[in-house]
file query_11.txt (compact mmCIF, C-alpha atoms and all ligand atoms)
# COMPACT_ATOMS: atom_id res chain seq x y z
CA MET Z 163 -0.07 -9.85 6.12
CA LYS Z 164 2.76 -7.49 5.21
CA LYS Z 165 3.07 -4.06 6.80
CA LEU Z 166 3.23 -1.21 4.29
CA LEU Z 167 4.68 2.17 5.14
CA VAL Z 168 3.01 4.60 2.75
CA THR Z 169 4.45 8.10 2.39
CA GLY Z 170 2.06 10.76 1.10
CA GLY Z 171 -0.94 8.61 2.09
CA ALA Z 172 -3.08 11.70 2.71
CA GLY Z 173 -2.50 12.90 -0.87
CA PHE Z 174 -4.58 12.32 -3.98
CA ILE Z 175 -3.20 8.98 -5.23
CA GLY Z 176 -1.68 7.88 -1.90
CA SER Z 177 -5.09 8.02 -0.18
CA GLU Z 178 -6.63 5.76 -2.84
CA PHE Z 179 -3.64 3.44 -2.40
CA VAL Z 180 -4.31 3.32 1.37
CA ARG Z 181 -8.02 2.59 0.90
CA HIS Z 182 -7.27 -0.21 -1.58
CA GLY Z 183 -4.63 -1.69 0.77
CA VAL Z 184 -6.99 -1.70 3.77
CA LYS Z 185 -9.65 -3.42 1.64
CA HIS Z 186 -7.16 -6.12 0.65
CA GLY Z 187 -6.02 -6.78 4.22
CA TYR Z 188 -2.68 -5.00 4.31
CA ASN Z 189 -1.42 -3.45 7.51
CA ILE Z 190 -0.94 0.24 6.69
CA VAL Z 191 1.16 2.95 8.28
CA VAL Z 192 0.92 6.40 6.69
CA VAL Z 193 3.61 9.06 6.94
CA ASP Z 194 2.48 12.44 5.67
CA LYS Z 195 3.54 15.99 6.42
CA LEU Z 196 0.06 17.31 5.59
CA THR Z 197 1.26 20.12 3.35
CA TYR Z 198 -1.34 22.32 1.63
CA ALA Z 199 -1.91 19.30 -0.68
CA GLY Z 200 -2.32 16.71 2.10
CA ASP Z 201 -5.71 16.16 3.74
CA LYS Z 202 -6.65 13.50 6.30
CA ARG Z 203 -10.29 13.81 5.26
CA ARG Z 204 -9.34 11.80 2.17
CA ILE Z 205 -8.75 8.75 4.39
CA LYS Z 206 -11.40 9.38 7.03
CA ASP Z 207 -13.29 6.22 6.03
CA VAL Z 208 -10.30 4.03 6.95
CA GLU Z 209 -8.76 6.07 9.78
CA LYS Z 210 -9.48 3.41 12.43
CA GLU Z 211 -7.79 0.72 10.36
CA ILE Z 212 -4.47 2.49 9.78
CA VAL Z 213 -1.71 4.11 11.80
CA PHE Z 214 -1.04 7.73 10.87
CA TYR Z 215 2.12 9.78 11.53
CA LYS Z 216 2.20 13.47 10.68
CA SER Z 217 5.83 13.74 9.76
CA ASP Z 218 8.17 15.29 7.21
CA ILE Z 219 10.20 12.77 5.20
CA VAL Z 220 13.07 15.26 5.20
CA ASP Z 221 13.27 14.92 9.01
CA LYS Z 222 15.50 11.85 9.19
CA LYS Z 223 15.30 11.41 12.97
CA SER Z 224 11.56 11.27 12.95
CA ILE Z 225 11.54 8.82 9.99
CA GLU Z 226 14.04 6.63 11.85
CA ARG Z 227 11.80 6.65 14.94
CA ILE Z 228 8.78 5.62 12.87
CA PHE Z 229 10.69 2.75 11.24
CA ALA Z 230 12.00 1.57 14.62
CA GLN Z 231 8.51 1.69 16.09
CA GLU Z 232 6.56 0.17 13.18
CA LYS Z 233 9.08 -2.18 11.53
CA PRO Z 234 7.44 -2.05 8.09
CA ASP Z 235 8.10 -4.77 5.48
CA TYR Z 236 7.52 -2.62 2.39
CA VAL Z 237 7.77 1.10 1.64
CA ILE Z 238 5.58 2.77 -1.00
CA HIS Z 239 6.89 6.23 -1.57
CA TRP Z 240 4.22 8.62 -2.93
CA ALA Z 241 5.08 11.77 -0.93
CA ALA Z 242 6.18 14.63 -3.17
CA GLU Z 243 5.70 18.24 -4.01
CA SER Z 244 3.65 17.35 -7.06
CA HIS Z 245 2.72 20.55 -8.87
CA VAL Z 246 4.69 21.73 -11.91
CA ASP Z 247 3.50 25.36 -11.78
CA ARG Z 248 4.47 25.70 -8.11
CA SER Z 249 7.91 24.26 -8.88
CA ILE Z 250 8.33 26.93 -11.58
CA GLN Z 251 7.48 29.68 -9.04
CA ASP Z 252 9.89 28.22 -6.47
CA ALA Z 253 11.92 25.09 -7.14
CA SER Z 254 13.20 24.67 -3.57
CA PRO Z 255 10.30 22.73 -1.99
CA SER Z 256 10.38 20.23 -4.90
CA LEU Z 257 14.09 19.68 -4.45
CA GLU Z 258 13.83 19.37 -0.66
CA THR Z 259 11.00 16.85 -0.56
CA ASN Z 260 11.43 15.03 -3.85
CA VAL Z 261 15.21 14.68 -3.85
CA LYS Z 262 16.35 14.98 -0.23
CA GLY Z 263 13.21 13.33 1.14
CA THR Z 264 13.55 10.39 -1.25
CA GLN Z 265 17.21 9.95 -0.32
CA ILE Z 266 16.27 9.86 3.38
CA MET Z 267 13.51 7.31 2.76
CA LEU Z 268 15.98 5.14 0.82
CA GLU Z 269 18.68 5.51 3.45
CA VAL Z 270 16.43 4.59 6.38
CA SER Z 271 14.94 1.72 4.34
CA ARG Z 272 18.46 0.46 3.76
CA ASP Z 273 19.29 0.58 7.50
CA HIS Z 274 16.12 -1.34 8.31
CA GLY Z 275 16.48 -4.05 5.65
CA ILE Z 276 13.17 -3.22 3.96
CA GLU Z 277 11.98 -6.08 1.68
CA LYS Z 278 10.66 -3.86 -1.13
CA PHE Z 279 10.73 -0.13 -1.84
CA ILE Z 280 8.35 1.16 -4.51
CA ASN Z 281 9.73 4.44 -5.76
CA VAL Z 282 6.94 6.40 -7.44
CA SER Z 283 8.29 8.38 -10.37
CA THR Z 284 6.28 9.90 -13.26
CA ASP Z 285 6.01 9.93 -17.06
CA GLU Z 286 7.26 13.52 -16.90
CA VAL Z 287 10.85 12.36 -16.26
CA TYR Z 288 11.14 11.43 -19.96
CA GLY Z 289 10.48 14.97 -21.17
CA GLU Z 290 8.30 15.72 -24.17
CA LEU Z 291 7.35 13.90 -27.35
CA SER Z 292 6.22 15.24 -30.70
CA ASP Z 293 3.06 13.90 -32.36
CA VAL Z 294 4.46 10.41 -32.75
CA GLY Z 295 6.32 7.86 -30.62
CA GLN Z 296 6.17 6.52 -27.09
CA PHE Z 297 8.52 6.31 -24.13
CA SER Z 298 9.61 2.88 -22.98
CA GLU Z 299 11.34 2.21 -19.66
CA ALA Z 300 14.66 2.29 -21.56
CA SER Z 301 14.14 5.82 -22.91
CA PRO Z 302 16.56 8.43 -21.55
CA LEU Z 303 15.37 10.80 -18.84
CA ASN Z 304 15.12 14.33 -20.15
CA PRO Z 305 13.01 16.40 -17.73
CA SER Z 306 11.84 19.95 -18.53
CA SER Z 307 10.53 21.53 -15.30
CA PRO Z 308 12.02 21.84 -11.81
CA TYR Z 309 9.32 19.35 -10.70
CA SER Z 310 10.20 16.74 -13.31
CA ALA Z 311 13.94 17.32 -12.78
CA SER Z 312 13.47 16.66 -9.06
CA LYS Z 313 11.42 13.50 -9.82
CA ALA Z 314 14.09 12.33 -12.29
CA SER Z 315 16.69 12.80 -9.55
CA ALA Z 316 14.56 10.80 -7.11
CA ASP Z 317 14.05 8.10 -9.75
CA MET Z 318 17.80 7.85 -10.34
CA LEU Z 319 18.56 7.85 -6.62
CA GLY Z 320 16.27 4.85 -6.26
CA ARG Z 321 18.14 3.01 -8.98
CA ALA Z 322 21.49 4.05 -7.49
CA TYR Z 323 20.48 2.71 -4.05
CA PHE Z 324 19.58 -0.58 -5.70
CA ARG Z 325 22.82 -0.83 -7.69
CA THR Z 326 25.12 0.46 -4.96
CA TYR Z 327 23.60 -0.85 -1.74
CA GLY Z 328 21.21 -3.52 -2.92
CA VAL Z 329 18.14 -1.73 -1.55
CA PRO Z 330 15.25 -3.66 -3.20
CA VAL Z 331 13.83 -0.76 -5.18
CA ILE Z 332 11.22 -1.07 -7.92
CA THR Z 333 10.35 2.09 -9.84
CA VAL Z 334 6.92 2.92 -11.25
CA ARG Z 335 6.27 5.71 -13.74
CA PRO Z 336 2.54 6.42 -13.97
CA SER Z 337 1.06 8.76 -16.57
CA ASN Z 338 -1.19 11.76 -15.76
CA THR Z 339 -3.60 10.55 -13.11
CA TYR Z 340 -7.10 11.91 -12.43
CA GLY Z 341 -10.12 11.07 -10.30
CA PRO Z 342 -11.90 12.04 -7.05
CA PHE Z 343 -10.01 13.95 -4.33
CA GLN Z 344 -7.41 15.50 -6.64
CA TYR Z 345 -6.35 18.90 -5.33
CA PRO Z 346 -8.10 21.63 -7.37
CA GLU Z 347 -4.91 23.18 -8.72
CA LYS Z 348 -4.44 20.33 -11.21
CA PHE Z 349 -5.89 20.55 -14.70
CA ILE Z 350 -9.01 18.35 -14.53
CA PRO Z 351 -10.26 19.56 -11.10
CA VAL Z 352 -9.55 23.18 -12.09
CA VAL Z 353 -11.80 22.81 -15.11
CA ILE Z 354 -14.52 21.00 -13.15
CA THR Z 355 -14.62 23.27 -10.09
CA ARG Z 356 -14.40 26.51 -12.05
CA GLY Z 357 -16.97 25.18 -14.51
CA ILE Z 358 -19.37 24.40 -11.66
CA ASP Z 359 -18.95 27.99 -10.40
CA ASN Z 360 -19.25 29.53 -13.92
CA LYS Z 361 -15.75 31.00 -13.58
CA SER Z 362 -13.36 31.46 -16.51
CA ILE Z 363 -11.21 28.40 -17.18
CA PRO Z 364 -7.57 29.18 -17.99
CA ILE Z 365 -6.01 26.91 -20.63
CA TYR Z 366 -2.37 27.24 -21.63
CA ALA Z 367 -1.68 28.38 -25.22
CA LYS Z 368 -4.28 26.81 -27.53
CA GLY Z 369 -4.90 23.73 -25.40
CA GLU Z 370 -3.22 21.46 -27.92
CA ASN Z 371 -0.86 19.77 -25.46
CA ILE Z 372 -1.54 16.05 -25.15
CA ARG Z 373 -1.57 13.94 -21.98
CA GLU Z 374 -2.19 10.24 -21.39
CA TRP Z 375 -4.92 10.01 -18.74
CA LEU Z 376 -4.92 7.25 -16.14
CA TYR Z 377 -7.84 6.84 -13.72
CA VAL Z 378 -6.66 6.84 -10.09
CA GLU Z 379 -7.99 3.33 -9.37
CA ASP Z 380 -6.00 1.98 -12.32
CA CYS Z 381 -2.88 3.82 -11.14
CA VAL Z 382 -3.25 2.24 -7.70
CA ARG Z 383 -4.07 -1.24 -9.02
CA GLY Z 384 -1.04 -1.12 -11.30
CA THR Z 385 1.16 -0.12 -8.38
CA TYR Z 386 -0.12 -3.05 -6.26
CA VAL Z 387 0.59 -5.44 -9.15
CA VAL Z 388 4.15 -4.13 -9.26
CA LEU Z 389 4.45 -4.33 -5.46
CA GLU Z 390 3.27 -7.93 -5.41
CA ASP Z 391 4.87 -9.35 -8.57
CA GLY Z 392 7.33 -6.81 -10.00
CA ARG Z 393 11.01 -7.68 -10.27
CA ILE Z 394 13.41 -5.95 -7.90
CA GLY Z 395 15.60 -3.35 -9.60
CA GLU Z 396 13.18 -2.95 -12.52
CA THR Z 397 11.13 0.00 -13.73
CA TYR Z 398 7.52 -0.21 -14.95
CA ASN Z 399 5.57 2.39 -16.90
CA ILE Z 400 1.89 2.54 -15.92
CA GLY Z 401 -0.14 4.13 -18.71
CA SER Z 402 -3.64 3.91 -20.11
CA SER Z 403 -3.00 4.48 -23.86
CA GLN Z 404 -5.76 7.09 -23.70
CA GLU Z 405 -4.33 10.30 -25.07
CA LYS Z 406 -6.33 13.53 -25.14
CA ARG Z 407 -5.67 17.16 -26.01
CA ASN Z 408 -6.26 19.52 -23.07
CA ILE Z 409 -8.85 21.50 -25.02
CA ASP Z 410 -10.84 18.32 -25.75
CA VAL Z 411 -10.76 17.34 -22.07
CA ALA Z 412 -12.01 20.79 -21.04
CA GLN Z 413 -14.81 20.73 -23.61
CA ARG Z 414 -15.87 17.23 -22.55
CA ILE Z 415 -16.05 18.34 -18.90
CA LEU Z 416 -18.09 21.42 -19.76
CA SER Z 417 -20.47 19.29 -21.77
CA PHE Z 418 -20.93 16.86 -18.81
CA LEU Z 419 -21.67 19.92 -16.65
CA GLY Z 420 -24.03 21.40 -19.24
CA LYS Z 421 -21.92 24.59 -19.38
CA THR Z 422 -20.79 26.71 -22.30
CA ASP Z 423 -17.31 26.53 -23.92
CA LYS Z 424 -17.24 30.31 -23.61
CA LEU Z 425 -15.84 29.86 -20.08
CA ILE Z 426 -12.55 28.73 -21.66
CA GLU Z 427 -9.90 31.44 -21.69
CA PHE Z 428 -6.60 30.80 -23.46
CA VAL Z 429 -3.64 32.11 -21.45
CA LYS Z 430 0.09 32.52 -22.11
CA ASP Z 431 1.80 29.13 -22.28
CA ARG Z 432 3.68 27.68 -19.31
CA PRO Z 433 7.46 28.09 -19.75
CA GLY Z 434 9.01 24.77 -20.81
CA HIS Z 435 5.56 23.24 -21.33
CA ASP Z 436 5.98 19.69 -22.64
CA PHE Z 437 3.89 19.12 -25.77
CA ARG Z 438 3.04 15.47 -25.34
CA TYR Z 439 3.62 12.51 -23.01
CA CYS Z 440 2.88 8.95 -24.06
CA LEU Z 441 4.02 5.77 -22.38
CA ASN Z 442 4.61 2.37 -23.84
CA SER Z 443 3.13 0.11 -21.13
CA ASP Z 444 3.91 -3.26 -22.79
CA LYS Z 445 6.29 -4.31 -20.03
CA ILE Z 446 3.75 -4.24 -17.19
CA LYS Z 447 1.18 -5.84 -19.51
CA HIS Z 448 3.32 -8.70 -20.81
CA GLU Z 449 5.33 -9.37 -17.65
CA LEU Z 450 2.71 -8.78 -14.96
CA GLY Z 451 -0.59 -9.01 -16.85
CA PHE Z 452 -1.72 -5.51 -15.89
CA GLU Z 453 -3.78 -3.24 -18.11
CA ALA Z 454 -5.70 -0.08 -17.20
CA LYS Z 455 -9.44 -0.83 -17.31
CA ILE Z 456 -11.27 2.47 -17.03
CA ARG Z 457 -12.01 4.21 -20.33
CA PHE Z 458 -11.37 7.93 -20.28
CA ASP Z 459 -15.00 8.96 -20.87
CA GLU Z 460 -16.19 6.71 -18.06
CA GLY Z 461 -13.50 7.89 -15.62
CA LEU Z 462 -14.07 11.52 -16.50
CA GLU Z 463 -17.83 11.27 -16.01
CA LYS Z 464 -17.32 9.59 -12.61
CA THR Z 465 -14.86 12.31 -11.65
CA VAL Z 466 -17.13 15.16 -12.70
CA ARG Z 467 -20.02 13.60 -10.80
CA TRP Z 468 -17.84 13.19 -7.70
CA TYR Z 469 -16.85 16.90 -7.68
CA VAL Z 470 -20.47 17.94 -8.21
CA GLU Z 471 -21.61 15.78 -5.27
CA ASN Z 472 -18.68 16.48 -2.94
CA ASP Z 473 -18.23 20.21 -2.90
CA TRP Z 474 -17.92 19.95 0.93
CA TRP Z 475 -14.43 18.63 0.21
CA TRP Z 476 -13.06 21.02 -2.40
CA ARG Z 477 -14.75 24.23 -1.19
CA LYS Z 478 -13.51 23.90 2.38
CA ARG Z 479 -9.81 23.27 2.42
N1 LIG Z 501 -1.01 13.08 -10.02
C1 LIG Z 501 -0.40 12.64 -11.11
O1 LIG Z 501 -0.87 12.84 -12.24
C2 LIG Z 501 0.88 11.83 -11.00
C3 LIG Z 501 1.35 11.16 -12.14
C4 LIG Z 501 2.53 10.41 -12.02
C5 LIG Z 501 3.21 10.36 -10.83
N2 LIG Z 501 2.73 11.05 -9.74
C6 LIG Z 501 3.48 10.95 -8.47
O2 LIG Z 501 2.63 10.30 -7.53
C7 LIG Z 501 2.88 10.80 -6.23
C8 LIG Z 501 1.57 11.29 -5.61
O3 LIG Z 501 1.02 12.32 -6.43
P1 LIG Z 501 -0.32 13.06 -6.00
O4 LIG Z 501 -0.87 13.68 -7.22
O5 LIG Z 501 -1.14 12.14 -5.18
O6 LIG Z 501 0.28 14.21 -5.07
P2 LIG Z 501 -0.42 15.11 -3.94
O7 LIG Z 501 0.23 16.44 -4.03
O8 LIG Z 501 -1.90 15.02 -4.03
O9 LIG Z 501 0.00 14.40 -2.58
C9 LIG Z 501 1.30 14.47 -2.06
C10 LIG Z 501 1.23 14.08 -0.59
O10 LIG Z 501 2.57 14.08 -0.08
C11 LIG Z 501 2.58 14.79 1.15
N3 LIG Z 501 3.91 15.40 1.33
C12 LIG Z 501 4.45 16.40 0.58
N4 LIG Z 501 5.68 16.72 1.08
C13 LIG Z 501 5.92 15.87 2.11
C14 LIG Z 501 7.01 15.69 2.99
N5 LIG Z 501 8.11 16.47 2.93
N6 LIG Z 501 6.93 14.73 3.94
C15 LIG Z 501 5.82 13.94 4.04
N7 LIG Z 501 4.75 14.08 3.24
C16 LIG Z 501 4.80 15.03 2.28
C17 LIG Z 501 1.49 15.83 1.04
O11 LIG Z 501 1.04 16.28 2.32
C18 LIG Z 501 0.42 15.06 0.27
O12 LIG Z 501 -0.44 14.34 1.14
C19 LIG Z 501 3.95 11.88 -6.38
O13 LIG Z 501 5.20 11.28 -6.12
C20 LIG Z 501 3.84 12.29 -7.85
O14 LIG Z 501 5.06 12.79 -8.33
C21 LIG Z 501 1.57 11.78 -9.79
call {"tool": "encode", "arguments": {"input": "query_11.txt", "output": "structure tokens", "more": "lines below"}}
Ligand SMILES: NC(=O)c1ccc[n+]([C@@H]2O[C@H](COP(=O)([O-])OP(=O)(O)OC[C@H]3O[C@@H](n4cnc5c(N)ncnc54)[C@H](O)[C@@H]3O)[C@@H](O)[C@H]2O)c1
result
Amino acid sequence: MKKLLVTGGAGFIGSEFVRHGVKHGYNIVVVDKLTYAGDKRRIKDVEKEIVFYKSDIVDKKSIERIFAQEKPDYVIHWAAESHVDRSIQDASPSLETNVKGTQIMLEVSRDHGIEKFINVSTDEVYGELSDVGQFSEASPLNPSSPYSASKASADMLGRAYFRTYGVPVITVRPSNTYGPFQYPEKFIPVVITRGIDNKSIPIYAKGENIREWLYVEDCVRGTYVVLEDGRIGETYNIGSSQEKRNIDVAQRILSFLGKTDKLIEFVKDRPGHDFRYCLNSDKIKHELGFEAKIRFDEGLEKTVRWYVENDWWWRKR
């Protein structure tokens, strides 16, 4: 079985990717710096079946040592500074990890003749949409925040390493992902955890911004489909076609929790806040036969239940 080197495997989506890979017999090596957002407890259930390196992807020497030691076949690059609001406060960590770190991962992968490199990008690289339309893989990149600008740079670096050096890069652009173990600074876990504690729930502007919500298991399954069958040099959107306004998501969560809407507090909008993201995911569907399975209501209910039952995780960080 192939050996996968997974960066950011102690993060929200990366940890689900690791669990899924172990279950399907892959050999997994995780490289994670364990920033504030990284947590080995997310992969405790599979810790004996994987190899874990606490390492910074910006530290080229240490990445080279890991590659020399482990000789991975494939790289799946999830590690990133992933929070838009933090990138607005200070753009530097996003640029360091997302741009420089990605370049180092590509460079070392090139030196080691990696067979496939999955570069994880995001729907945010396309910028915002109005009420209508969708982004296809051919849409121009037009990022709005320091986070999405750094991810767009990483995305383009991946494509440049393919075109220039022939590094076998495939790019995935998932939409907004949610589910268990997401760090409680992101929208859905903020609403759930503050709702549980009867604390006020801040919502930007009037909560009318629209996101396309992808359950974490679907995000991971889509990425494995691309890893196994995607064409080298190509880009695949991974969406769910399930668009929701933030205010509707918050109200749905409060209703699952049996709490009042009065907890919602509208706050000044985020600067450069994109109104709407929506992916056209026909390419992954028609070419690779992948479609997201989990309906939003079902995924949201599972997620709310998980946070209610697992406060040991989110209260003690
Ligand atoms: N969460 C989403 O909605 C979403 C949507 C689309 C794309 N993505 C992308 O998916 C990837 C994973 O997102 P997530 O939400 O799981 O993020 P996360 O913040 O939960 O996890 C990121 C992980 O990367 C690690 N990391 C950060 N800097 C590092 C460095 N310099 N060296 C090594 N490890 C480092 C952290 O310790 C953490 O474990 C990111 O690339 C993100 O841009 C996320």
call {"tool": "residues_near_ligand", "arguments": {"input": "query_11.txt", "ligand": "ligand LIG 501 (chain Z)", "cutoff": "8 Å", "atoms": "all atoms listed in the file", "output": "ChimeraX atom specification"}}
result
/Z:169-177,193-201,216-220,239-245,258-260,263,282-286,313,335-340,344-345,376
call {"tool": "atom_distance", "arguments": {"input": "query_11.txt", "atom1": "CA of Glu449 (chain Z)", "atom2": "CA of Phe297 (chain Z)"}}
result
17.3 Å
call {"tool": "closest_residue", "arguments": {"input": "query_11.txt", "among": "Z:Asn281, Z:Ser307, Z:Asn371, Z:Thr465", "to": "Ile394 (chain Z)", "atoms": "only C-alpha atoms"}}
result
Z:Asn281
call {"tool": "closest_residue", "arguments": {"input": "query_11.txt", "among": "Z:Ser301, Z:Gly384, Z:Thr333, Z:Ile280", "to": "Lys447 (chain Z)", "atoms": "only C-alpha atoms"}}
result
Z:Gly384
call {"tool": "atom_distance", "arguments": {"input": "query_11.txt", "atom1": "CA of His435 (chain Z)", "atom2": "CA of Val287 (chain Z)"}}
result
13.1 Å
call {"tool": "residues_around", "arguments": {"input": "query_11.txt", "residues": "region 319-327 of chain Z", "least_positions_apart": "2", "cutoff": "7 Å", "atoms": "only C-alpha atoms", "output": "list in words"}}
result
Gln265, Asn281, Ser315, Ala316, Asp317, Val329, Pro330, Val331 and Gly395 of chain Z
call {"tool": "atom_distance", "arguments": {"input": "query_11.txt", "atom1": "CA of Gly357 (chain Z)", "atom2": "CA of Asp473 (chain Z)"}}
result
12.7 Å
call {"tool": "closest_residue", "arguments": {"input": "query_11.txt", "among": "Z:Cys440, Z:Val466, Z:Ile456, Z:Cys381", "to": "Ser298 (chain Z)", "atoms": "only C-alpha atoms"}}
result
Z:Cys440
call {"tool": "residues_around", "arguments": {"input": "query_11.txt", "residues": "Ala253 (chain Z)", "least_positions_apart": "5", "cutoff": "10 Å", "atoms": "all atoms listed in the file", "output": "PDB file with C-alpha atoms, in the coordinates of the input"}}
result
ATOM      1  CA  GLU Z 243       5.700  18.240  -4.010  1.00  0.00           C
ATOM      2  CA  VAL Z 246       4.690  21.730 -11.910  1.00  0.00           C
ATOM      3  CA  ASP Z 247       3.500  25.360 -11.780  1.00  0.00           C
ATOM      4  CA  ARG Z 248       4.470  25.700  -8.110  1.00  0.00           C
ATOM      5  CA  GLU Z 258      13.830  19.370  -0.660  1.00  0.00           C
ATOM      6  CA  SER Z 307      10.530  21.530 -15.300  1.00  0.00           C
ATOM      7  CA  PRO Z 308      12.020  21.840 -11.810  1.00  0.00           C
ATOM      8  CA  TYR Z 309       9.320  19.350 -10.700  1.00  0.00           C
ATOM      9  CA  ALA Z 311      13.940  17.320 -12.780  1.00  0.00           C
ATOM     10  CA  SER Z 312      13.470  16.660  -9.060  1.00  0.00           C
TER      11      SER Z 312
END
call {"tool": "closest_residue", "arguments": {"input": "query_11.txt", "among": "Z:Lys445, Z:Ser306, Z:Phe428, Z:Lys464", "to": "Ser249 (chain Z)", "atoms": "only C-alpha atoms"}}
result
Z:Ser306
call {"tool": "closest_residue", "arguments": {"input": "query_11.txt", "among": "Z:Ile266, Z:Ala454, Z:Val184, Z:Val334", "to": "Asp380 (chain Z)", "atoms": "only C-alpha atoms"}}
result
Z:Ala454
call {"tool": "closest_residue", "arguments": {"input": "query_11.txt", "among": "Z:Ile228, Z:Ala367, Z:Leu441, Z:Val382", "to": "Ile409 (chain Z)", "atoms": "only C-alpha atoms"}}
result
Z:Ala367
call {"tool": "residues_around", "arguments": {"input": "query_11.txt", "residues": "His274 (chain Z)", "least_positions_apart": "2", "cutoff": "8 Å", "atoms": "only C-alpha atoms", "output": "list in words"}}
result
Phe229, Lys233, Val270, Ser271, Arg272 and Ile276 of chain Z
call {"tool": "residues_around", "arguments": {"input": "query_11.txt", "residues": "Asn472 (chain Z)", "least_positions_apart": "4", "cutoff": "12 Å", "atoms": "all atoms listed in the file", "output": "short mmCIF file (atom, residue, chain, number, x, y, z; two decimals) with C-alpha atoms, in the coordinates of the input"}}
result
data_model
loop_
_atom_site.label_atom_id
_atom_site.label_comp_id
_atom_site.auth_asym_id
_atom_site.auth_seq_id
_atom_site.Cartn_x
_atom_site.Cartn_y
_atom_site.Cartn_z
CA ARG Z 204 -9.34 11.80 2.17
CA PRO Z 342 -11.90 12.04 -7.05
CA PHE Z 343 -10.01 13.95 -4.33
CA GLN Z 344 -7.41 15.50 -6.64
CA ILE Z 354 -14.52 21.00 -13.15
CA THR Z 355 -14.62 23.27 -10.09
CA ILE Z 358 -19.37 24.40 -11.66
CA LYS Z 464 -17.32 9.59 -12.61
CA THR Z 465 -14.86 12.31 -11.65
CA VAL Z 466 -17.13 15.16 -12.70
CA ARG Z 467 -20.02 13.60 -10.80
CA TRP Z 468 -17.84 13.19 -7.70
CA TRP Z 476 -13.06 21.02 -2.40
CA ARG Z 477 -14.75 24.23 -1.19
CA LYS Z 478 -13.51 23.90 2.38
#
